[in-house]
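**Q** Mind having a look at this structure? Questions to follow.
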Amino acid sequence: MPEVAFEDAAPALVVFHALAAIVLIGASTHHAIIAVGYLRGSFKTRLGRIYAAVGAIAYGVTFVLGLFAYPAFRYHTRGLYLDRYEPWASNLFDIKENFAALGLPLVIGALVLSRVMKPSEDATLLRGYAAMVLLTAAIVWFSVISGLVIGQARGV
Amino acid sequence: MKKQEALFVAMSAGAIAFAFAFVAPMLAGEPIVWYLPLEHRWTFETRPDGGLAIDFYGRLLQGLVAWAAIVLVTLPIAKRGKKALSSRATGLVTAWTITAVLLVMLHYAWTLHFRRPIPEPLPAGYRAR
């Protein structure tokens, strides 16, 4: 049986990946609510900064753990099983991983802006900031739900 | 231009650069870094012959390099701008950024939804994990 990198650690990596995703979905959802609040004139700046930081850290941790678990998933789960019996799950996984990668610069952008922006004074930036935060939250929700659905087809 | 406005422009430009650099290898067939998990090695080419190969790490790396390059170039230029960023300009930058990211997302969703993946051959004595 061929061996791939981090094969033995993959199940534990995926558990921590899921735990980090729990933190991430909470932080990004709260961050989105705060950002919408900015557009409506409610400026909870300190909370916005906290959720931006927690969300960015959780996004990074979730993403990196996923990167380490990926070779084992790609061969044992996808290559040998999902591609053969559940191709829709393979395709959904690849959509999810690409969406998650595209969210990276948005998360960094939202984090940086949250640190330097004064929402009550920088009215012109609020729409751009909110767009970054809301798209990130949508990507996170899609990724988490997809991950749960794919995990029901076959886990690592 | 205020520091936060310059950062907004740089971060938006970086997000657009990342999105296009990330998808470019799939569209242009350019060489990138591939990881061959069964052979435990990395290679730099357009598409490795046969066998299991992962391009995700290479595309991610290319996207991050493009993001860093564009942010490093855009930020000092934007900081030098003497005028404050207008509401219209901010709206345009936001629209370009979100449209670019959504277009690349749509491309992946569309192409991957209709993909027919080719399974790996089952190894001798295979027992599901």
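As shown in the structure tokens, the chain order sets the letters A, B, ...; within each chain, residues go from 1, and ligands are also counted from 1 in the order they appear.
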May I have the residues of chain A within 6 Å of chain B, counting only C-alpha atoms, written as a short mmCIF file (atom, residue, chain, number, x, y, z; two decimals) with C-alpha atoms, in the first residue's frame?

**A**
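Below is the file that was written, out35.cif:
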```cif
data_model
loop_
_atom_site.label_atom_id
_atom_site.label_comp_id
_atom_site.auth_asym_id
_atom_site.auth_seq_id
_atom_site.Cartn_x
_atom_site.Cartn_y
_atom_site.Cartn_z
CA VAL A 4 1.65 9.58 1.57
CA GLY A 79 -8.34 9.08 -5.25
CA LEU A 80 -9.31 5.60 -4.09
CA ASP A 83 -13.53 9.63 -7.38
CA ARG A 84 -14.78 6.07 -7.88
CA ASN A 91 -15.93 17.96 -7.08
CA ILE A 95 -14.77 23.79 -5.18
CA PRO A 105 -6.48 37.81 0.70
CA GLY A 109 -7.45 42.70 3.90
CA VAL A 116 -6.23 51.09 10.83
CA MET A 117 -9.78 52.15 9.99
CA THR A 124 -15.97 55.97 2.34
CA GLY A 128 -15.35 48.01 0.78
#
```

**Q** As a VMD selection string, which residues of chain A does DSSP assign to alpha helix (DSSP H)?

**A** chain A and resid 10 to 39 45 to 72 83 to 85 87 to 116 126 to 153

**Q** Do you know which residues are at most 9 Å from Glu45 of chain B counting only C-alpha atoms, after dropping those on the same chain fewer than 5 positions away, and could you put them as number ranges by chain?

**A** B: 30-34

**Q** Generate the output file for the selected residues, N, CA and C atoms, as a compact mmCIF listing (two decimals), in the first residue's frame.

**A**
```
# COMPACT_ATOMS: atom_id res chain seq x y z
N GLU B 30 0.28 27.20 -17.88
CA GLU B 30 1.67 27.59 -17.59
C GLU B 30 2.28 26.63 -16.57
N PRO B 31 3.62 26.51 -16.55
CA PRO B 31 4.24 25.61 -15.57
C PRO B 31 4.13 26.17 -14.14
N ILE B 32 3.86 25.29 -13.20
CA ILE B 32 3.82 25.67 -11.78
C ILE B 32 4.40 24.52 -10.96
N VAL B 33 4.45 24.73 -9.66
CA VAL B 33 4.94 23.69 -8.74
C VAL B 33 3.85 22.64 -8.54
N TRP B 34 4.21 21.37 -8.70
CA TRP B 34 3.29 20.25 -8.44
C TRP B 34 3.88 19.40 -7.32
```

**Q** Go through A:Glu7, A:Leu126, A:Tyr70, A:Ala138 one by one, measure the shortest atom-to-atom distance of each to Phe99 of chain A using only C-alpha atoms, and give the residue with the smallest value.

**A**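 The closest residue to Phe99 of chain A is A:Ala138.
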
**Q** Taking only C-alpha atoms into account, name the residue in A:Arg78, A:His30, A:His17, A:Arg49 that is nearest to Ala153 of chain A.

**A**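 Answer, going by the shortest atom-to-atom distance: A:Arg78.
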
**Q** Rank A:Leu125, A:Ala5, A:Ile150, A:Val140 by their smallest atom-to-atom distance to Leu67 of chain A, using only C-alpha atoms, and report the top residue only.

**A**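 Residue with the minimum atom-to-atom distance to Leu67 of chain A: A:Ala5.
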
**Q** Would you kindly return, as a list in words, each protein, DNA or RNA residue with an atom no farther than 12 Å from any atom of Phe142 of chain A, considering only C-alpha atoms and excluding same-chain residues fewer than 4 positions away?

**A**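 The contact residues come out as Ala21, Ile25, Leu92, Phe93, Ile95, Lys96, Glu97, Asn98, Phe99, Ala100, Gly103, Leu135, Thr136, Ala137, Ala138, Ser146, Gly147, Leu148, Val149 and Ile150 of chain A; Met105 of chain B.
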
**Q** Those residues with C-alpha atoms, as a PDB file, in the first residue's frame please?

**A**
```pdb
ATOM      1  CA  ALA A  21     -13.417  25.830  11.676  1.00  0.00           C
ATOM      2  CA  ILE A  25     -17.448  30.271  11.552  1.00  0.00           C
ATOM      3  CA  LEU A  92     -17.558  19.676  -4.107  1.00  0.00           C
ATOM      4  CA  PHE A  93     -14.325  19.330  -2.134  1.00  0.00           C
ATOM      5  CA  ILE A  95     -14.773  23.790  -5.184  1.00  0.00           C
ATOM      6  CA  LYS A  96     -14.539  24.278  -1.414  1.00  0.00           C
ATOM      7  CA  GLU A  97     -10.724  24.259  -1.297  1.00  0.00           C
ATOM      8  CA  ASN A  98     -10.461  26.746  -4.163  1.00  0.00           C
ATOM      9  CA  PHE A  99     -13.061  29.040  -2.607  1.00  0.00           C
ATOM     10  CA  ALA A 100     -11.201  28.863   0.721  1.00  0.00           C
ATOM     11  CA  GLY A 103     -10.822  33.964   0.745  1.00  0.00           C
ATOM     12  CA  LEU A 135     -17.713  37.576   1.178  1.00  0.00           C
ATOM     13  CA  THR A 136     -15.314  35.950   3.645  1.00  0.00           C
ATOM     14  CA  ALA A 137     -18.229  34.898   5.864  1.00  0.00           C
ATOM     15  CA  ALA A 138     -20.055  33.453   2.845  1.00  0.00           C
ATOM     16  CA  SER A 146     -19.495  21.467   2.271  1.00  0.00           C
ATOM     17  CA  GLY A 147     -16.979  19.893   4.638  1.00  0.00           C
ATOM     18  CA  LEU A 148     -19.774  18.391   6.716  1.00  0.00           C
ATOM     19  CA  VAL A 149     -21.533  17.029   3.611  1.00  0.00           C
ATOM     20  CA  ILE A 150     -18.317  15.558   2.142  1.00  0.00           C
TER      21      ILE A 150
ATOM     22  CA  MET B 105     -15.120  31.417  -7.890  1.00  0.00           C
TER      23      MET B 105
END
```

**Q** Which of these, A:Leu102, A:Tyr59, A:Ile22, A:Lys118, has the shortest distance to Arg46 of chain A once you count only C-alpha atoms?

**A**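 Checking each candidate against Arg46 of chain A, we get A:Lys118 as the closest.
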
**Q** Apply DSSP to the structure's backbone, then extract all residues of chain B labelled strand (DSSP E) and return them as JSON, numbers by chain.

**A** {"B": [32, 33, 34, 35, 36, 41, 42, 43, 44, 45]}

**Q** For the selection just defined, write its residues with N, CA and C atoms to a file, as a PDB file, in the first residue's frame.

**A**
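The resulting result.pdb:
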```pdb
ATOM      1  N   ILE B  32       3.855  25.289 -13.205  1.00  0.00           N
ATOM      2  CA  ILE B  32       3.820  25.668 -11.781  1.00  0.00           C
ATOM      3  C   ILE B  32       4.399  24.519 -10.959  1.00  0.00           C
ATOM      4  N   VAL B  33       4.449  24.727  -9.660  1.00  0.00           N
ATOM      5  CA  VAL B  33       4.942  23.690  -8.743  1.00  0.00           C
ATOM      6  C   VAL B  33       3.848  22.641  -8.542  1.00  0.00           C
ATOM      7  N   TRP B  34       4.214  21.369  -8.697  1.00  0.00           N
ATOM      8  CA  TRP B  34       3.295  20.253  -8.437  1.00  0.00           C
ATOM      9  C   TRP B  34       3.881  19.403  -7.317  1.00  0.00           C
ATOM     10  N   TYR B  35       3.005  18.820  -6.521  1.00  0.00           N
ATOM     11  CA  TYR B  35       3.455  17.849  -5.516  1.00  0.00           C
ATOM     12  C   TYR B  35       2.953  16.470  -5.923  1.00  0.00           C
ATOM     13  N   LEU B  36       3.873  15.518  -5.935  1.00  0.00           N
ATOM     14  CA  LEU B  36       3.519  14.138  -6.292  1.00  0.00           C
ATOM     15  C   LEU B  36       3.506  13.320  -5.003  1.00  0.00           C
ATOM     16  N   ARG B  41       7.751  13.827  -3.915  1.00  0.00           N
ATOM     17  CA  ARG B  41       8.649  14.823  -4.504  1.00  0.00           C
ATOM     18  C   ARG B  41       7.844  15.951  -5.138  1.00  0.00           C
ATOM     19  N   TRP B  42       8.568  17.069  -5.360  1.00  0.00           N
ATOM     20  CA  TRP B  42       7.983  18.253  -5.977  1.00  0.00           C
ATOM     21  C   TRP B  42       8.552  18.386  -7.380  1.00  0.00           C
ATOM     22  N   THR B  43       7.781  18.983  -8.281  1.00  0.00           N
ATOM     23  CA  THR B  43       8.276  19.207  -9.634  1.00  0.00           C
ATOM     24  C   THR B  43       7.710  20.529 -10.153  1.00  0.00           C
ATOM     25  N   PHE B  44       8.425  21.115 -11.109  1.00  0.00           N
ATOM     26  CA  PHE B  44       7.965  22.383 -11.692  1.00  0.00           C
ATOM     27  C   PHE B  44       7.750  22.161 -13.183  1.00  0.00           C
ATOM     28  N   GLU B  45       6.511  22.037 -13.601  1.00  0.00           N
ATOM     29  CA  GLU B  45       6.213  21.796 -15.012  1.00  0.00           C
ATOM     30  C   GLU B  45       4.750  22.123 -15.297  1.00  0.00           C
TER      31      GLU B  45
END
```

**Q** Write out as JSON, numbers by chain which residues come within 8 Å of Ala110 of chain A when counting only C-alpha atoms, dropping same-chain ones fewer than 3 positions away.

**A** {"A": [52, 106, 107, 113, 114, 129, 132, 133]}

**Q** Please write the residues from the selection above to a file, keeping C-alpha atoms, as an mmCIF file, in the first residue's frame.

**A**
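The file below, result.cif, is the result:
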```cif
data_model
loop_
_atom_site.group_PDB
_atom_site.id
_atom_site.type_symbol
_atom_site.label_atom_id
_atom_site.label_comp_id
_atom_site.auth_asym_id
_atom_site.auth_seq_id
_atom_site.Cartn_x
_atom_site.Cartn_y
_atom_site.Cartn_z
ATOM 1 C CA ALA A 52 -11.161 40.300 12.634
ATOM 2 C CA LEU A 106 -9.931 38.987 1.788
ATOM 3 C CA VAL A 107 -9.295 37.831 5.362
ATOM 4 C CA LEU A 113 -8.354 47.470 7.559
ATOM 5 C CA SER A 114 -9.915 46.655 10.930
ATOM 6 C CA TYR A 129 -14.566 46.693 4.240
ATOM 7 C CA MET A 132 -14.582 41.848 2.149
ATOM 8 C CA VAL A 133 -15.998 40.685 5.490
#
```

**Q** So how far away is atom CA of Ser120 of chain A from atom CA of Pro76 of chain B, in Å?

**A**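 About the pair atom CA of Pro76 of chain B and atom CA of Ser120 of chain A: they are 25.4 Å apart.
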
**Q** What is the distance between atom CA of Gly58 of chain B and atom CA of Phe6 of chain A, in Å to one decimal?

**A**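 It comes out at 18.7 Å.
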